[in-house]
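Participant: What follows is target_22.cif, mmCIF, C-alpha atoms.
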data_query
loop_
_atom_site.label_atom_id
_atom_site.label_comp_id
_atom_site.auth_asym_id
_atom_site.auth_seq_id
_atom_site.Cartn_x
_atom_site.Cartn_y
_atom_site.Cartn_z
CA MET A 27 -4.90 -91.98 127.63
CA LEU A 28 -6.79 -93.86 130.34
CA GLY A 29 -3.52 -94.65 132.08
CA GLY A 30 -3.77 -92.16 134.85
CA ASP A 31 -3.63 -88.60 133.61
CA ASP A 32 -5.47 -86.12 135.75
CA PRO A 33 -8.70 -85.46 133.84
CA HIS A 34 -8.83 -81.95 135.22
CA ARG A 35 -5.59 -81.07 133.48
CA ASP A 36 -6.21 -82.88 130.19
CA PRO A 37 -9.07 -81.26 128.25
CA SER A 38 -9.55 -84.24 125.94
CA LEU A 39 -10.31 -86.39 128.99
CA ARG A 40 -12.75 -83.92 130.46
CA ARG A 41 -15.61 -85.38 128.49
CA LEU A 42 -14.81 -88.88 129.69
CA PHE A 43 -14.63 -87.83 133.34
CA PRO A 44 -17.01 -84.87 133.63
CA VAL A 45 -17.71 -82.78 136.70
CA ALA A 46 -20.63 -84.09 138.78
CA TYR A 47 -21.00 -81.27 141.32
CA PRO A 48 -20.35 -78.03 139.43
CA ASP A 49 -21.10 -75.91 142.53
CA ASP A 50 -19.08 -77.96 144.99
CA PRO A 51 -15.45 -78.80 144.11
CA GLU A 52 -14.91 -80.64 147.39
CA ARG A 53 -17.85 -82.94 146.86
CA ASP A 54 -16.81 -83.40 143.27
CA ASP A 55 -13.34 -84.54 144.34
CA GLU A 56 -15.02 -86.97 146.74
CA PHE A 57 -17.23 -88.27 143.93
CA ARG A 58 -14.24 -88.59 141.60
CA SER A 59 -12.26 -90.61 144.16
CA LEU A 60 -15.28 -92.85 144.61
CA VAL A 61 -16.06 -93.59 140.96
CA GLY A 62 -12.98 -92.61 138.96
CA ASP A 63 -11.36 -96.04 139.11
CA ASP A 64 -14.60 -97.82 138.23
CA LEU A 65 -15.16 -95.53 135.26
CA ARG A 66 -11.64 -96.11 134.03
CA ARG A 67 -11.71 -99.87 134.61
CA GLY A 68 -15.07 -100.22 132.87
CA ARG A 69 -13.71 -98.45 129.82
CA LEU A 70 -10.58 -100.59 129.73
CA ASP A 71 -12.74 -103.72 130.00
CA SER A 72 -14.83 -102.57 127.06
CA ILE A 73 -11.68 -101.92 125.04
CA ASP A 74 -10.60 -105.52 125.79
CA VAL A 75 -13.93 -106.83 124.49
CA VAL A 76 -13.64 -104.77 121.31
CA GLU A 77 -10.05 -105.85 120.69
CA SER A 78 -10.97 -109.49 121.13
CA SER A 79 -13.92 -109.22 118.73
CA LEU A 80 -12.36 -107.04 116.01
CA ASP A 81 -12.42 -109.86 113.47
CA ALA A 82 -15.73 -111.36 114.57
CA THR A 83 -18.45 -111.76 111.95
CA SER A 84 -21.12 -111.31 114.61
CA VAL A 85 -21.23 -110.19 118.23
CA ASP A 86 -23.75 -110.71 121.02
CA ASP A 87 -25.54 -107.92 122.89
CA THR A 88 -22.99 -107.84 125.71
CA GLN A 89 -20.16 -107.39 123.25
CA LEU A 90 -22.21 -104.85 121.33
CA GLN A 91 -22.69 -102.76 124.51
CA ALA A 92 -18.90 -102.71 124.87
CA TRP A 93 -18.54 -101.64 121.22
CA MET A 94 -21.08 -98.91 121.88
CA GLN A 95 -19.05 -97.57 124.80
CA VAL A 96 -15.74 -97.68 122.96
CA VAL A 97 -17.09 -96.14 119.76
CA ASN A 98 -18.78 -93.33 121.68
CA ASP A 99 -15.74 -92.73 123.89
CA LEU A 100 -13.62 -92.41 120.74
CA ARG A 101 -16.16 -89.93 119.36
CA LEU A 102 -16.03 -87.94 122.58
CA VAL A 103 -12.24 -87.68 122.56
CA LEU A 104 -11.94 -87.09 118.82
CA GLY A 105 -14.87 -84.68 118.76
CA THR A 106 -13.36 -82.66 121.61
CA LEU A 107 -9.94 -82.53 119.91
CA LEU A 108 -11.56 -81.44 116.63
CA ASP A 109 -13.87 -79.02 118.45
CA VAL A 110 -16.83 -80.25 116.41
CA SER A 111 -20.01 -78.23 116.29
CA GLU A 112 -23.55 -79.48 116.76
CA ASP A 113 -24.25 -78.95 113.06
CA GLU A 114 -21.07 -80.65 111.92
CA SER A 115 -21.50 -81.49 108.26
CA PRO A 116 -21.06 -85.15 107.30
CA ASP A 117 -19.21 -83.90 104.21
CA VAL A 118 -15.54 -83.63 105.02
CA ASP A 119 -13.37 -81.22 103.05
CA PRO A 120 -10.65 -83.52 101.67
CA ASP A 121 -8.14 -80.67 101.56
CA ALA A 122 -8.51 -79.78 105.24
CA PRO A 123 -5.43 -80.69 107.32
CA ASP A 124 -7.55 -82.72 109.74
CA ALA A 125 -9.62 -84.41 107.02
CA ASP A 126 -8.66 -87.91 108.15
CA ALA A 127 -9.65 -87.24 111.72
CA ARG A 128 -12.94 -85.66 110.68
CA ALA A 129 -13.73 -88.53 108.33
CA THR A 130 -13.00 -90.98 111.14
CA TYR A 131 -15.30 -89.02 113.43
CA GLN A 132 -18.10 -89.14 110.86
CA TYR A 133 -17.62 -92.86 110.33
CA LEU A 134 -17.73 -93.51 114.09
CA SER A 135 -20.98 -91.51 114.27
CA TYR A 136 -22.52 -93.67 111.55
CA LEU A 137 -21.27 -96.81 113.31
CA LEU A 138 -22.72 -95.72 116.65
CA ASP A 139 -26.09 -95.08 115.05
CA GLU A 140 -26.06 -98.60 113.59
CA ILE A 141 -25.15 -100.07 116.99
CA VAL A 142 -27.95 -98.18 118.75
CA THR A 143 -30.44 -99.38 116.14
CA ALA A 144 -29.31 -102.98 116.58
CA LEU A 145 -29.48 -102.82 120.40
CA ALA A 146 -32.86 -101.08 120.42
CA ARG A 147 -34.26 -103.86 118.25
CA ALA A 148 -33.13 -106.53 120.71
CA MET B 14 -35.39 -94.09 113.14
CA THR B 15 -37.74 -96.51 114.86
CA ALA B 16 -36.58 -97.95 118.13
CA ARG B 17 -39.36 -99.59 120.01
CA ALA B 18 -37.73 -101.72 122.68
CA THR B 19 -37.16 -100.52 126.21
CA THR B 20 -34.93 -102.17 128.77
CA ALA B 21 -35.75 -102.55 132.44
CA PRO B 22 -33.84 -100.31 134.83
CA ILE B 23 -31.23 -101.93 137.04
CA GLU B 24 -32.49 -101.82 140.63
CA VAL B 25 -29.83 -101.22 143.28
CA GLU B 26 -30.29 -101.11 147.03
CA ILE B 27 -28.95 -97.85 148.47
CA ASP B 28 -28.51 -97.39 152.22
CA GLU B 29 -30.27 -94.31 153.53
CA PRO B 30 -27.93 -91.72 155.10
CA THR B 31 -27.99 -91.31 158.89
CA GLY B 32 -26.79 -88.75 161.43
CA SER B 33 -25.58 -85.43 160.12
CA GLU B 34 -26.65 -86.23 156.58
CA ALA B 35 -30.22 -86.92 157.64
CA ASP B 36 -31.44 -83.35 157.17
CA GLU B 37 -29.71 -83.18 153.82
CA ALA B 38 -31.50 -86.35 152.81
CA ASP B 39 -34.78 -84.46 153.27
CA ARG B 40 -33.83 -82.09 150.50
CA PRO B 41 -34.18 -83.95 147.24
CA TRP B 42 -31.41 -83.97 144.66
CA ILE B 43 -31.89 -83.77 140.93
CA VAL B 44 -29.82 -85.13 138.06
CA LEU B 45 -29.34 -82.92 135.04
CA VAL B 46 -28.09 -83.89 131.60
CA TRP B 47 -26.55 -81.06 129.57
CA ASN B 48 -26.50 -80.58 125.83
CA ASP B 49 -23.24 -81.14 124.00
CA PRO B 50 -22.29 -81.05 120.32
CA ILE B 51 -21.02 -84.62 120.19
CA ASN B 52 -23.63 -87.04 121.50
CA LEU B 53 -26.10 -88.31 118.92
CA MET B 54 -29.81 -87.76 119.53
CA SER B 55 -30.50 -91.44 118.86
CA TYR B 56 -27.80 -92.43 121.34
CA VAL B 57 -29.01 -90.10 124.11
CA THR B 58 -32.58 -91.38 123.68
CA PHE B 59 -31.35 -94.96 123.88
CA VAL B 60 -29.32 -94.27 127.03
CA PHE B 61 -32.33 -92.69 128.78
CA GLN B 62 -34.39 -95.79 128.00
CA LYS B 63 -31.65 -98.14 129.06
CA LEU B 64 -30.74 -96.45 132.34
CA PHE B 65 -34.13 -95.26 133.57
CA GLY B 66 -36.59 -97.58 131.86
CA TYR B 67 -38.36 -94.65 130.19
CA SER B 68 -40.60 -95.35 127.24
CA LEU B 69 -39.32 -94.33 123.82
CA GLU B 70 -41.72 -91.37 123.91
CA LYS B 71 -40.57 -90.12 127.32
CA ALA B 72 -36.90 -90.67 126.51
CA THR B 73 -37.29 -88.78 123.22
CA GLU B 74 -39.07 -85.94 124.99
CA LEU B 75 -36.24 -85.66 127.54
CA MET B 76 -33.60 -85.82 124.81
CA LEU B 77 -35.33 -83.00 122.91
CA ASP B 78 -35.48 -80.95 126.11
CA VAL B 79 -31.72 -81.38 126.50
CA HIS B 80 -31.23 -80.50 122.84
CA HIS B 81 -33.47 -77.42 122.70
CA LYS B 82 -33.29 -76.06 126.25
CA GLY B 83 -29.67 -76.88 126.94
CA ARG B 84 -30.38 -79.28 129.79
CA ALA B 85 -33.11 -81.43 131.36
CA VAL B 86 -33.82 -83.07 134.72
CA VAL B 87 -33.70 -86.82 134.10
CA ALA B 88 -33.99 -88.16 137.65
CA SER B 89 -34.37 -87.12 141.27
CA GLY B 90 -33.99 -88.68 144.69
CA SER B 91 -31.53 -89.11 147.52
CA ARG B 92 -27.96 -87.95 147.12
CA GLU B 93 -26.69 -91.52 146.93
CA ARG B 94 -29.24 -92.53 144.32
CA CYS B 95 -28.43 -89.48 142.20
CA GLU B 96 -24.68 -90.11 142.45
CA LEU B 97 -25.29 -93.61 141.11
CA ASP B 98 -27.33 -92.19 138.24
CA VAL B 99 -24.65 -89.60 137.46
CA PHE B 100 -22.01 -92.34 137.47
CA ARG B 101 -24.03 -94.46 135.03
CA LEU B 102 -24.63 -91.47 132.77
CA HIS B 103 -20.88 -90.67 132.82
CA GLU B 104 -20.19 -94.31 131.93
CA HIS B 105 -22.27 -93.63 128.82
CA GLY B 106 -20.42 -90.43 128.04
CA LEU B 107 -23.26 -88.08 128.84
CA TRP B 108 -22.54 -84.80 130.56
CA ALA B 109 -24.52 -85.19 133.79
CA THR B 110 -24.40 -83.15 136.98
CA MET B 111 -26.38 -83.11 140.19
CA GLN B 112 -27.64 -80.42 142.54
CA HIS B 113 -30.26 -79.75 145.20
CA ASP B 114 -33.75 -79.40 143.82
CA ARG B 115 -34.53 -75.69 144.13
#
As structure tokens, how would this structure be written, given the file I've shared?
Facilitator:
Amino acid sequence: MLGGDDPHRDPSLRRLFPVAYPDDPERDDEFRSLVGDDLRRGRLDSIDVVESSLDATSVDDTQLQAWMQVVNDLRLVLGTLLDVSEDESPDVDPDAPDADARATYQYLSYLLDEIVTALARA
Amino acid sequence: MTARATTAPIEVEIDEPTGSEADEADRPWIVLVWNDPINLMSYVTFVFQKLFGYSLEKATELMLDVHHKGRAVVASGSRERCELDVFRLHEHGLWATMQHDR
């Protein structure tokens, strides 16, 4: 997904690469060309950190920041695909066709909250 | 949830614009963060503290402004400084935009 698709064409990427200058498409393109690669590379680096620490029993703050970015990015993509609402109930209807995805989204939300608590305590 | 720690902002040297951008540099820019249904309130508050060095109270106040009013101004300054702030907010998955201060 981070490979190189044009974020303007792919709605699920729009949240990961939002518009910076809503009133000025030319400036926004300029901004995108300036920071797009850094944004993408930073995310890929964080994914590397998460993959390498998947089985860890503890992680340091630097690793935890990477986990925070990956978990939230997953929430952004998943939440956009599921079109979640602000008052999304944590109770997932098990008979809904997208129950697995919604349950995953809820779990990631819980996980992010735990990560934020841990980092804020540091 | 009690989060009491704040982190210091990362200071970056930004070159001031010259020439044709000089008059534009006189008009301050503002950075807005917009409400969205996905980002957690605890997360947004944490990001404001982390990126701007705001106290928990100030960060919470800004987060609630975003939540209740739909958007809030989180920073202001030169165009270059604001672009850096927007980039860092986008890195954290927040929906941030910038515009001239009206």
Participant: When the PyMOL selection byres ((chain B) within 10 of (chain A)) is applied to the structure above, which residues does it catch, written out as a ChimeraX atom specification?
Facilitator: /B:14-20,44-45,48-60,62-63,69,80,96-97,99-101,103-112
Participant: Have a look at CA of Asp78 in chain B and CA of His113 in chain B and let me know their distance in Å, one decimal.
Facilitator: 19.8 Å
Participant: Give me, as a PDB file with C-alpha atoms, in the frame of the given file, all polymer residues having an atom no more than 10 Å from Arg40 in chain B, counting only C-alpha atoms and skipping those fewer than 6 positions away in the same chain.
Facilitator:
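Final output, saved to out_5.pdb:
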ATOM      1  CA  GLY B  90     -33.990 -88.680 144.690  1.00  0.00           C
ATOM      2  CA  SER B  91     -31.530 -89.110 147.520  1.00  0.00           C
ATOM      3  CA  ARG B  92     -27.960 -87.950 147.120  1.00  0.00           C
ATOM      4  CA  HIS B 113     -30.260 -79.750 145.200  1.00  0.00           C
ATOM      5  CA  ASP B 114     -33.750 -79.400 143.820  1.00  0.00           C
ATOM      6  CA  ARG B 115     -34.530 -75.690 144.130  1.00  0.00           C
TER       7      ARG B 115
END
Participant: Some atoms are absent from range 127-138 of chain A, so rebuild N, CA, C and O atoms and return them as a PDB file, keeping the file's coordinate frame.
Facilitator:
ATOM      1  N   ALA A 127      -9.036 -87.174 110.401  1.00  0.00           N
ATOM      2  CA  ALA A 127      -9.650 -87.240 111.720  1.00  0.00           C
ATOM      3  C   ALA A 127     -11.150 -86.973 111.636  1.00  0.00           C
ATOM      4  O   ALA A 127     -11.962 -87.647 112.285  1.00  0.00           O
ATOM      5  N   ARG A 128     -11.523 -85.993 110.819  1.00  0.00           N
ATOM      6  CA  ARG A 128     -12.940 -85.660 110.680  1.00  0.00           C
ATOM      7  C   ARG A 128     -13.712 -86.775 109.996  1.00  0.00           C
ATOM      8  O   ARG A 128     -14.851 -87.074 110.357  1.00  0.00           O
ATOM      9  N   ALA A 129     -13.080 -87.415 109.010  1.00  0.00           N
ATOM     10  CA  ALA A 129     -13.730 -88.530 108.330  1.00  0.00           C
ATOM     11  C   ALA A 129     -13.915 -89.697 109.291  1.00  0.00           C
ATOM     12  O   ALA A 129     -14.959 -90.374 109.288  1.00  0.00           O
ATOM     13  N   THR A 130     -12.912 -89.925 110.139  1.00  0.00           N
ATOM     14  CA  THR A 130     -13.000 -90.980 111.140  1.00  0.00           C
ATOM     15  C   THR A 130     -14.142 -90.685 112.107  1.00  0.00           C
ATOM     16  O   THR A 130     -14.925 -91.565 112.457  1.00  0.00           O
ATOM     17  N   TYR A 131     -14.230 -89.428 112.514  1.00  0.00           N
ATOM     18  CA  TYR A 131     -15.300 -89.020 113.430  1.00  0.00           C
ATOM     19  C   TYR A 131     -16.667 -89.276 112.811  1.00  0.00           C
ATOM     20  O   TYR A 131     -17.564 -89.806 113.457  1.00  0.00           O
ATOM     21  N   GLN A 132     -16.821 -88.932 111.546  1.00  0.00           N
ATOM     22  CA  GLN A 132     -18.100 -89.140 110.860  1.00  0.00           C
ATOM     23  C   GLN A 132     -18.428 -90.631 110.753  1.00  0.00           C
ATOM     24  O   GLN A 132     -19.569 -91.055 110.942  1.00  0.00           O
ATOM     25  N   TYR A 133     -17.403 -91.422 110.444  1.00  0.00           N
ATOM     26  CA  TYR A 133     -17.620 -92.860 110.330  1.00  0.00           C
ATOM     27  C   TYR A 133     -18.054 -93.439 111.681  1.00  0.00           C
ATOM     28  O   TYR A 133     -18.975 -94.268 111.753  1.00  0.00           O
ATOM     29  N   LEU A 134     -17.386 -93.012 112.759  1.00  0.00           N
ATOM     30  CA  LEU A 134     -17.730 -93.510 114.090  1.00  0.00           C
ATOM     31  C   LEU A 134     -19.171 -93.110 114.459  1.00  0.00           C
ATOM     32  O   LEU A 134     -19.871 -93.858 115.148  1.00  0.00           O
ATOM     33  N   SER A 135     -19.608 -91.945 114.003  1.00  0.00           N
ATOM     34  CA  SER A 135     -20.980 -91.510 114.270  1.00  0.00           C
ATOM     35  C   SER A 135     -21.960 -92.434 113.569  1.00  0.00           C
ATOM     36  O   SER A 135     -22.968 -92.852 114.152  1.00  0.00           O
ATOM     37  N   TYR A 136     -21.676 -92.741 112.314  1.00  0.00           N
ATOM     38  CA  TYR A 136     -22.520 -93.670 111.550  1.00  0.00           C
ATOM     39  C   TYR A 136     -22.546 -95.031 112.238  1.00  0.00           C
ATOM     40  O   TYR A 136     -23.609 -95.636 112.409  1.00  0.00           O
ATOM     41  N   LEU A 137     -21.373 -95.504 112.667  1.00  0.00           N
ATOM     42  CA  LEU A 137     -21.270 -96.810 113.310  1.00  0.00           C
ATOM     43  C   LEU A 137     -22.079 -96.846 114.616  1.00  0.00           C
ATOM     44  O   LEU A 137     -22.792 -97.814 114.889  1.00  0.00           O
ATOM     45  N   LEU A 138     -21.985 -95.775 115.393  1.00  0.00           N
ATOM     46  CA  LEU A 138     -22.720 -95.720 116.650  1.00  0.00           C
ATOM     47  C   LEU A 138     -24.223 -95.783 116.404  1.00  0.00           C
ATOM     48  O   LEU A 138     -24.952 -96.492 117.102  1.00  0.00           O
TER      49      LEU A 138
END
